[in-house]
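File shown: structure31.txt (compact mmCIF, C-alpha atoms).
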```txt
# COMPACT_ATOMS: atom_id res chain seq x y z
CA MET A 9 120.45 95.05 18.10
CA SER A 10 120.45 91.50 19.41
CA PRO A 11 118.26 88.85 17.75
CA GLY A 12 116.41 88.45 21.07
CA PHE A 13 115.49 92.14 21.16
CA ASN A 14 114.44 92.07 17.50
CA SER A 15 112.21 89.10 18.15
CA MET A 16 110.64 90.95 21.09
CA LEU A 17 109.87 93.97 18.87
CA TRP A 18 108.37 91.67 16.28
CA LEU A 19 106.20 90.05 18.93
CA ILE A 20 104.82 93.33 20.24
CA THR A 21 103.50 94.15 16.80
CA HIS A 22 102.57 90.67 15.58
CA ASN A 23 101.75 88.31 18.43
CA PRO A 24 99.68 89.78 21.28
CA ILE A 25 98.62 86.30 22.49
CA LYS A 26 102.26 85.41 23.18
CA ILE A 27 102.66 88.68 25.11
CA LEU A 28 99.57 87.88 27.15
CA LYS A 29 100.85 84.38 27.93
CA ALA A 30 104.24 85.77 28.97
CA VAL A 31 102.67 88.41 31.21
CA LEU A 32 100.30 85.88 32.82
CA SER A 33 103.18 83.43 33.46
CA SER A 34 105.19 86.24 35.01
CA ILE A 35 102.25 87.27 37.20
CA PHE A 36 101.84 83.65 38.32
CA TYR A 37 105.45 83.56 39.54
CA LEU A 38 105.05 86.99 41.15
CA LEU A 39 102.01 85.75 43.06
CA LEU A 40 103.72 82.49 44.07
CA TYR A 41 107.15 83.75 45.07
CA VAL A 42 106.61 87.44 45.89
CA VAL A 43 103.03 88.19 46.93
CA LEU A 44 102.39 84.93 48.84
CA PRO A 45 105.58 85.02 50.99
CA PHE A 46 105.07 88.76 51.60
CA LEU A 47 101.47 88.23 52.72
CA LEU A 48 102.32 85.21 54.89
CA LEU A 49 105.18 87.10 56.53
CA SER A 50 103.02 90.18 57.09
CA VAL A 51 100.23 88.10 58.64
CA ALA A 52 102.72 86.17 60.81
CA GLN A 53 104.43 89.33 62.02
CA GLY A 54 101.10 91.02 62.70
CA ASP A 55 99.88 88.21 64.94
CA PRO A 56 101.53 88.33 68.42
CA GLN A 57 101.50 84.52 68.79
CA PHE A 58 103.11 83.92 65.38
CA LYS A 59 105.50 86.81 65.98
CA SER A 60 106.73 85.22 69.20
CA MET A 61 107.12 81.90 67.35
CA LEU A 62 109.18 83.60 64.63
CA ASP A 63 111.32 85.31 67.25
CA ALA A 64 111.78 82.02 69.11
CA ALA A 65 112.75 80.25 65.87
CA GLU A 66 115.44 82.87 65.29
CA SER A 67 116.77 83.15 68.84
CA MET A 68 116.53 79.48 69.86
CA VAL A 69 117.31 77.54 66.70
CA GLY A 70 118.81 80.21 64.45
CA ILE A 71 116.14 80.03 61.73
CA ASP A 72 115.51 83.51 60.36
CA VAL A 73 112.06 83.09 58.79
CA ALA A 74 111.85 86.75 57.71
CA GLY A 75 115.29 86.45 56.08
CA ILE A 76 114.20 83.31 54.21
CA ALA A 77 111.00 85.04 53.03
CA ASN A 78 112.96 88.09 51.86
CA THR A 79 115.42 85.89 49.95
CA VAL A 80 112.50 84.09 48.27
CA ILE A 81 110.87 87.45 47.41
CA ILE A 82 114.06 88.84 45.83
CA LEU A 83 114.70 85.64 43.86
CA GLY A 84 111.01 85.59 42.91
CA ILE A 85 111.17 89.10 41.40
CA VAL A 86 114.20 88.12 39.31
CA LEU A 87 112.45 84.86 38.32
CA ALA A 88 109.29 86.69 37.22
CA LEU A 89 111.39 89.06 35.07
CA LEU A 90 113.22 86.12 33.49
CA VAL A 91 109.94 84.34 32.79
CA LEU A 92 108.55 87.53 31.20
CA VAL A 93 111.60 88.06 28.98
CA GLY A 94 111.74 84.36 28.11
CA GLY A 95 108.05 84.36 27.24
CA LEU A 96 108.45 87.35 24.92
CA THR A 97 111.22 85.74 22.91
CA GLU A 98 111.03 82.98 20.35
CA LYS A 99 112.12 79.48 21.27
CA TRP A 100 115.00 79.63 18.78
CA SER A 101 116.60 82.69 20.40
CA ALA A 102 119.56 82.38 22.74
CA THR A 103 117.80 84.85 25.09
CA ASN A 104 114.94 82.40 25.47
CA LEU A 105 117.34 79.57 26.28
CA ALA A 106 119.30 81.69 28.76
CA CYS A 107 116.11 82.87 30.50
CA GLY A 108 114.76 79.30 30.59
CA VAL A 109 117.93 77.86 32.13
CA ALA A 110 118.28 80.77 34.59
CA SER A 111 114.65 80.46 35.70
CA ILE A 112 115.06 76.70 36.30
CA LEU A 113 118.19 77.36 38.39
CA LEU A 114 116.47 80.18 40.31
CA GLN A 115 113.49 77.97 41.15
CA LEU A 116 115.91 75.33 42.40
CA ALA A 117 117.71 77.98 44.47
CA ILE A 118 114.40 79.09 46.01
CA LEU A 119 113.50 75.49 46.87
CA LEU A 120 116.93 74.73 48.38
CA THR A 121 116.77 77.97 50.39
CA VAL A 122 113.43 76.94 51.88
CA LEU A 123 114.47 73.29 52.42
CA GLY A 124 117.70 74.34 54.11
CA ALA A 125 115.95 76.95 56.31
CA GLY A 126 117.95 79.72 54.65
CA ASP A 127 121.14 77.73 54.18
CA ILE A 128 121.22 76.76 50.51
CA GLY A 129 124.41 74.73 51.01
CA SER A 130 122.85 72.38 53.55
CA PHE A 131 121.06 70.65 50.65
CA GLY A 132 117.93 69.85 52.66
CA LEU A 133 119.62 68.72 55.87
CA ILE A 134 118.78 70.98 58.82
CA SER A 135 120.54 70.17 62.05
CA ARG A 136 120.14 72.57 64.96
CA THR A 137 120.70 72.73 68.68
CA VAL A 138 117.99 74.51 70.62
CA GLN A 139 119.49 77.36 72.65
CA ALA A 140 117.72 76.74 75.93
CA THR A 141 118.68 77.66 79.46
CA GLY A 142 120.49 75.00 81.45
CA PRO A 143 123.55 72.88 80.81
CA TYR A 144 121.91 70.50 78.33
CA GLN A 145 120.41 71.58 75.03
CA PRO A 146 118.04 69.48 72.92
CA SER A 147 118.89 69.10 69.26
CA PHE A 148 116.91 68.13 66.19
CA THR A 149 117.58 67.11 62.60
CA VAL A 150 115.26 67.41 59.62
CA ASP A 151 116.44 65.33 56.69
CA MET A 152 114.99 66.35 53.32
CA ARG A 153 118.02 65.49 51.21
CA PHE A 154 115.90 63.20 49.07
CA VAL A 155 113.72 66.15 48.02
CA ALA A 156 116.77 68.31 47.34
CA LEU A 157 118.39 65.54 45.30
CA ALA A 158 115.21 64.71 43.35
CA MET A 159 114.53 68.38 42.59
CA THR A 160 118.13 68.93 41.47
CA ALA A 161 117.86 65.91 39.16
CA ILE A 162 114.55 67.22 37.77
CA ALA A 163 116.08 70.69 37.29
CA GLY A 164 118.98 69.06 35.40
CA ALA A 165 116.51 67.18 33.20
CA ASN A 166 114.52 70.40 32.63
CA ILE A 167 117.70 72.19 31.51
CA LEU A 168 118.40 69.38 29.02
CA VAL A 169 114.81 69.66 27.75
CA ALA A 170 115.21 73.46 27.39
CA LEU A 171 118.45 72.94 25.45
CA ALA A 172 116.85 70.29 23.22
CA THR A 173 113.81 72.58 22.65
CA TYR A 174 116.16 75.43 21.65
CA LEU A 175 118.12 73.23 19.21
CA ASP A 176 114.93 71.80 17.75
CA ALA A 177 113.43 75.29 17.32
CA ARG A 178 116.59 76.50 15.58
CA ARG A 179 116.58 73.50 13.26
CA GLU A 180 112.91 74.05 12.50
CA ARG A 181 113.51 77.75 11.85
CA ALA A 182 116.39 77.04 9.49
CA ARG A 183 114.18 74.61 7.58
CA ARG A 184 111.41 77.20 7.25
CA VAL A 185 113.59 80.05 5.97
CA SER A 186 112.19 81.12 2.61
CA PRO A 187 114.42 81.27 -0.49
CA GLY A 188 113.98 85.07 -0.45
CA ASP A 189 115.25 85.32 3.15
CA LEU A 190 118.10 83.03 2.28
CA LEU A 191 119.05 85.27 -0.63
CA LYS A 192 118.88 88.34 1.62
CA ARG A 193 121.17 86.65 4.14
CA ILE A 194 123.68 85.73 1.44
CA VAL A 195 123.63 89.19 -0.14
CA GLY A 196 123.90 91.08 3.07
CA MET B 15 106.77 61.33 16.89
CA LYS B 16 107.93 64.90 16.33
CA THR B 17 110.80 66.09 18.50
CA SER B 18 108.83 69.03 19.87
CA THR B 19 105.95 66.72 20.89
CA ALA B 20 108.38 64.35 22.62
CA LEU B 21 109.99 67.27 24.48
CA LYS B 22 106.59 68.53 25.62
CA ALA B 23 105.75 65.01 26.85
CA ILE B 24 109.04 64.85 28.79
CA SER B 25 108.35 68.29 30.32
CA LEU B 26 104.91 67.10 31.38
CA VAL B 27 106.37 63.95 32.97
CA LEU B 28 108.90 66.09 34.88
CA LEU B 29 106.13 68.41 36.06
CA VAL B 30 104.03 65.47 37.25
CA ALA B 31 107.09 64.05 39.06
CA GLN B 32 107.60 67.37 40.85
CA VAL B 33 103.95 67.54 41.89
CA LEU B 34 104.06 63.92 43.15
CA ILE B 35 107.22 64.64 45.16
CA PHE B 36 105.57 67.69 46.76
CA ILE B 37 102.46 65.67 47.61
CA GLY B 38 104.63 62.89 49.05
CA VAL B 39 106.65 65.33 51.14
CA GLY B 40 103.48 67.00 52.39
CA LEU B 41 101.97 63.65 53.42
CA GLY B 42 105.32 62.54 54.87
CA TYR B 43 105.76 65.56 57.12
CA TYR B 44 102.12 65.54 58.10
CA THR B 45 102.63 61.91 59.22
CA ILE B 46 105.86 62.73 61.06
CA VAL B 47 104.37 65.71 62.91
CA GLN B 48 101.24 63.75 63.82
CA SER B 49 103.30 60.77 65.04
CA LEU B 50 105.62 62.98 67.06
CA MET B 51 102.80 64.93 68.69
CA SER B 52 100.80 61.76 69.41
CA THR B 53 103.80 59.99 70.92
CA VAL B 54 105.49 62.70 73.00
CA GLY B 55 103.25 65.75 72.55
CA PRO B 56 101.40 67.54 75.34
CA GLU B 57 98.32 65.34 74.92
CA ALA B 58 100.21 62.06 74.58
CA GLY B 59 99.92 61.08 78.23
CA THR B 60 102.76 58.93 79.55
CA PRO B 61 104.60 57.42 76.62
CA PHE B 62 107.30 55.70 78.73
CA GLN B 63 106.44 52.95 81.21
CA TYR B 64 109.17 51.18 83.18
CA THR B 65 108.58 47.68 84.54
CA GLY B 66 111.27 45.85 86.42
CA ASN B 67 113.27 45.74 89.59
CA ILE B 68 114.96 48.59 91.37
CA ASP B 69 117.32 47.95 94.24
CA GLU B 70 116.41 50.67 96.72
CA THR B 71 119.75 50.50 98.54
CA THR B 72 122.19 50.53 95.61
CA GLY B 73 119.98 52.09 92.92
CA ALA B 74 120.67 49.24 90.51
CA PHE B 75 117.84 48.47 88.13
CA SER B 76 116.93 45.83 85.59
CA GLY B 77 113.78 45.75 83.52
CA THR B 78 112.16 47.01 80.36
CA LEU B 79 110.97 50.39 79.22
CA ALA B 80 107.80 50.26 77.13
CA ILE B 81 107.27 53.12 74.68
CA SER B 82 103.81 53.71 73.23
CA LEU B 83 104.14 54.71 69.58
CA ARG B 84 101.15 56.19 67.79
CA ASN B 85 100.88 57.01 64.11
CA PRO B 86 97.69 58.89 63.19
CA GLY B 87 99.30 59.94 59.89
CA MET B 88 98.67 58.73 56.37
CA LEU B 89 101.92 56.83 55.73
CA GLU B 90 103.82 54.11 57.53
CA VAL B 91 106.56 55.38 59.84
CA LEU B 92 109.75 53.79 61.06
CA ALA B 93 110.23 54.85 64.67
CA HIS B 94 113.68 54.70 66.21
CA VAL B 95 114.01 55.23 69.95
CA SER B 96 117.30 55.45 71.77
CA ILE B 97 118.15 56.00 75.41
CA LYS B 98 121.55 56.85 76.81
CA PHE B 99 122.55 57.17 80.43
CA ASN B 100 125.49 59.53 80.68
CA SER B 101 127.70 60.40 83.61
CA GLN B 102 128.74 63.91 84.64
CA ASP B 103 131.97 63.61 82.61
CA GLY B 104 130.05 62.60 79.47
CA ALA B 105 130.84 58.87 79.61
CA ILE B 106 128.05 56.61 78.35
CA LEU B 107 127.10 54.30 81.21
CA TYR B 108 124.43 52.43 79.30
CA GLN B 109 122.67 52.79 75.97
CA THR B 110 119.90 50.97 74.24
CA SER B 111 117.83 51.53 71.11
CA GLY B 112 115.17 49.91 68.98
CA ASP B 113 113.25 50.29 65.73
CA ARG B 114 109.61 49.65 65.05
CA ARG B 115 107.52 50.13 61.93
CA VAL B 116 104.08 51.54 62.69
CA ALA B 117 101.45 51.36 59.97
CA ALA B 118 99.32 54.37 59.08
CA ALA B 119 96.56 55.11 61.60
CA ALA B 120 97.91 52.47 63.98
CA SER B 121 99.79 52.26 67.24
CA ASP B 122 102.38 49.90 68.65
CA THR B 123 104.54 49.42 71.71
CA MET B 124 108.30 49.10 71.70
CA GLU B 125 110.12 47.54 74.60
CA LEU B 126 113.71 48.39 75.39
CA PRO B 127 115.79 46.52 77.96
CA LEU B 128 117.25 48.64 80.76
CA SER B 129 119.88 47.36 83.12
CA LEU B 130 122.46 49.16 85.18
CA SER B 131 124.58 48.24 88.18
CA GLY B 132 124.31 50.16 91.43
CA ALA B 133 127.67 51.85 90.98
CA ASP B 134 126.77 53.09 87.50
CA ALA B 135 123.26 54.09 88.57
CA GLN B 136 124.83 56.36 91.18
CA ARG B 137 126.82 58.10 88.43
CA ILE B 138 123.87 58.91 86.11
CA SER B 139 123.88 62.63 85.42
CA VAL B 140 121.79 62.93 82.29
CA VAL B 141 119.47 60.68 80.31
CA VAL B 142 119.42 61.42 76.58
CA LEU B 143 116.17 60.41 74.91
CA GLY B 144 116.43 60.10 71.14
CA LEU B 145 113.42 59.83 68.88
CA LYS B 146 113.52 59.55 65.13
CA PHE B 147 110.60 59.18 62.73
CA THR B 148 111.28 58.19 59.14
CA THR B 149 108.63 57.94 56.45
CA LEU B 150 107.95 58.03 52.69
CA PHE B 151 109.92 54.85 51.92
CA ASP B 152 112.49 55.91 54.54
CA LEU B 153 113.37 59.01 52.52
CA LEU B 154 112.22 61.74 54.93
CA SER B 155 113.09 61.91 58.58
CA PHE B 156 112.90 64.02 61.68
CA SER B 157 114.94 63.25 64.78
CA ILE B 158 115.18 64.88 68.14
CA ASP B 159 117.55 64.28 71.06
CA VAL B 160 116.43 65.55 74.43
CA PRO B 161 118.87 65.46 77.35
CA VAL B 162 117.04 65.14 80.66
CA PRO B 163 119.16 66.00 83.72
CA THR B 164 118.63 63.63 86.63
CA GLN B 165 119.62 63.66 90.26
CA MET B 166 122.76 61.71 91.04
CA GLY B 167 121.71 58.22 91.98
CA GLY B 168 118.25 58.66 90.53
CA GLY B 169 116.41 55.75 89.00
CA PRO B 170 115.51 55.09 85.37
CA PRO B 171 113.14 57.37 83.44
CA GLY B 172 109.47 56.89 84.03
CA GLU B 173 109.92 56.41 87.72
```

Serialized structure, C-alpha cells:
Amino acid sequence: MSPGFNSMLWLITHNPIKILKAVLSSIFYLLLYVVLPFLLLSVAQGDPQFKSMLDAAESMVGIDVAGIANTVIILGIVLALLVLVGGLTEKWSATNLACGVASILLQLAILLTVLGAGDIGSFGLISRTVQATGPYQPSFTVDMRFVALAMTAIAGANILVALATYLDARRERARRVSPGDLLKRIVG
Amino acid sequence: MKTSTALKAISLVLLVAQVLIFIGVGLGYYTIVQSLMSTVGPEAGTPFQYTGNIDETTGAFSGTLAISLRNPGMLEVLAHVSIKFNSQDGAILYQTSGDRRVAAAASDTMELPLSLSGADAQRISVVVLGLKFTTLFDLLSFSIDVPVPTQMGGGPPGE
C-alpha cells in the first residue's frame, strides 16, 4: 500500500477534525465550481429572455455559455475530489503534494476557460466578429491578459509554496521520528 | 521565523493578491460597461456632433466631430475613439483618432478633425467607428468597431 493510502487510513481512525476540514473544503469547491454554475445555467436557460441572450451569444459571437459552464462543472468535480484527497493526506506525503499542485493547475484552467470564453489558449484575449446580417459585421475585443498573466504567476508561486511546504513537512517528520521507529526502519 | 509560518504568510499574501485582482477586475469591467452604455448606449442621446462646413454641390466637408464621453464608473478610463472613412473597395479615404482620460464619475468631450475632398466624399461607402475603453491602470480594455454603411456621396456621421 502507498504511504498516502496508509496515512489516509491512519487519519480515519485518529484525526476526525482533519477529515471534517477536508470534507468541508471539498464541499466549498463543489458549491463554487459545480453547484453555482449549474444553478446559474439552469436559471438562465429557464428564463426566456436569458435563454435568447445565451442563444444569441452562441450564434452571433460564437460564445457557448452552456459549454463553458459544463467545462467548469467537470473541472470543479475533479478539483473537489483532489481537494478531498489532499485534505485527507499528511503534508509530508507525495499524494498531498500531487493533489495540491493539480488543484492549483485545475483552478487556473477553470479561470482561463472563463476568461477566454471557453478558449483556454486565448489567455484572456477574446476577439470576436458579430455575425449580423448585411455586408459589414461589427467586431469587439475584450483584453484580460493582465488577469490571466497575474493569475498564472500567482499559481506558479502557489506551486512553489506547496513544494516548499512538502519539503518542510518531510524534514520536520524526519526530525520527529522516534529512535524506536528508526530502529524498526533499519531492521525491516 | 519558522519555515512553516513563513510559508503560511506567503500563502496568505498570494490569497490577498488574488482577491485584490478580482476586486480590481470587477470594478474595472463595471466602469467599462457603465462608460460604454453611457457614451453609446440606448439612453446616451446623441454622442456625436459634427460642426463645420459641407459643400452641398461636391460633398466635401471640413470641420470637427465632438464626442461626448461619460464615465459613471468607479475608476478612471482612457477612451480611444477612431473614425475611418472607407471606399467600396476597402481603401481608407480618411482616418482620425484621439485619446482622452476621463476621471471616475466625470464626463468630457473629445474633438476629432474631419476633412475630406469632394471626390473622396463621393466614394465613401462605409464609416468605421472604433471605441476603446481602457481602465485599471490601462490593464483591462474593451474595444468595439462598428462599420456603418453610408450612401455613396453621403456626408460625415452625425449629419

Within 10 Å of chain B, which residues of chain A show up when using only C-alpha atoms, listed as JSON, numbers by chain?
{"A": [133, 134, 135, 136, 137, 138, 142, 143, 144, 145, 146, 147, 148, 149, 150, 151, 152, 153, 154, 155, 158, 159, 161, 162, 163, 165, 166, 168, 169, 170, 172, 173, 174, 176, 177, 180]}

For Ala58 of chain B, list every protein, DNA or RNA residue within 10 Å, evaluated using all atoms listed in the file, and leave out those in the same chain fewer than 5 positions away; present the list as a list in words.
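Returned residues: Leu50, Met51, Ser52, Thr53, Ser82, Leu83 and Arg84 of chain B.
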
Let me see the file: selected residues, C-alpha atoms, as a compact mmCIF listing (two decimals), in the frame of the given file.
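Below is the file that was written, out.txt:
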```
# COMPACT_ATOMS: atom_id res chain seq x y z
CA LEU B 50 105.62 62.98 67.06
CA MET B 51 102.80 64.93 68.69
CA SER B 52 100.80 61.76 69.41
CA THR B 53 103.80 59.99 70.92
CA SER B 82 103.81 53.71 73.23
CA LEU B 83 104.14 54.71 69.58
CA ARG B 84 101.15 56.19 67.79
```

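You will find atom CA of Ala135 of chain B at 25.1 Å from atom CA of Val54 of chain B.
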
Hey, which of B:Ala105, B:Met124, B:Ala119, B:Ala80 ends up closest to Val141 of chain B? Count all atoms listed in the file.
B:Ala105

Compile the contact shell of Asp103 of chain B as a short mmCIF file (atom, residue, chain, number, x, y, z; two decimals) with C-alpha atoms, in the frame of the given file: residues with an atom at most 12 Å away, counting only C-alpha atoms, same-chain residues fewer than 4 positions apart removed.
```cif
data_model
loop_
_atom_site.label_atom_id
_atom_site.label_comp_id
_atom_site.auth_asym_id
_atom_site.auth_seq_id
_atom_site.Cartn_x
_atom_site.Cartn_y
_atom_site.Cartn_z
CA PHE B 99 122.55 57.17 80.43
CA LEU B 107 127.10 54.30 81.21
CA ARG B 137 126.82 58.10 88.43
CA ILE B 138 123.87 58.91 86.11
CA SER B 139 123.88 62.63 85.42
CA VAL B 140 121.79 62.93 82.29
#
```
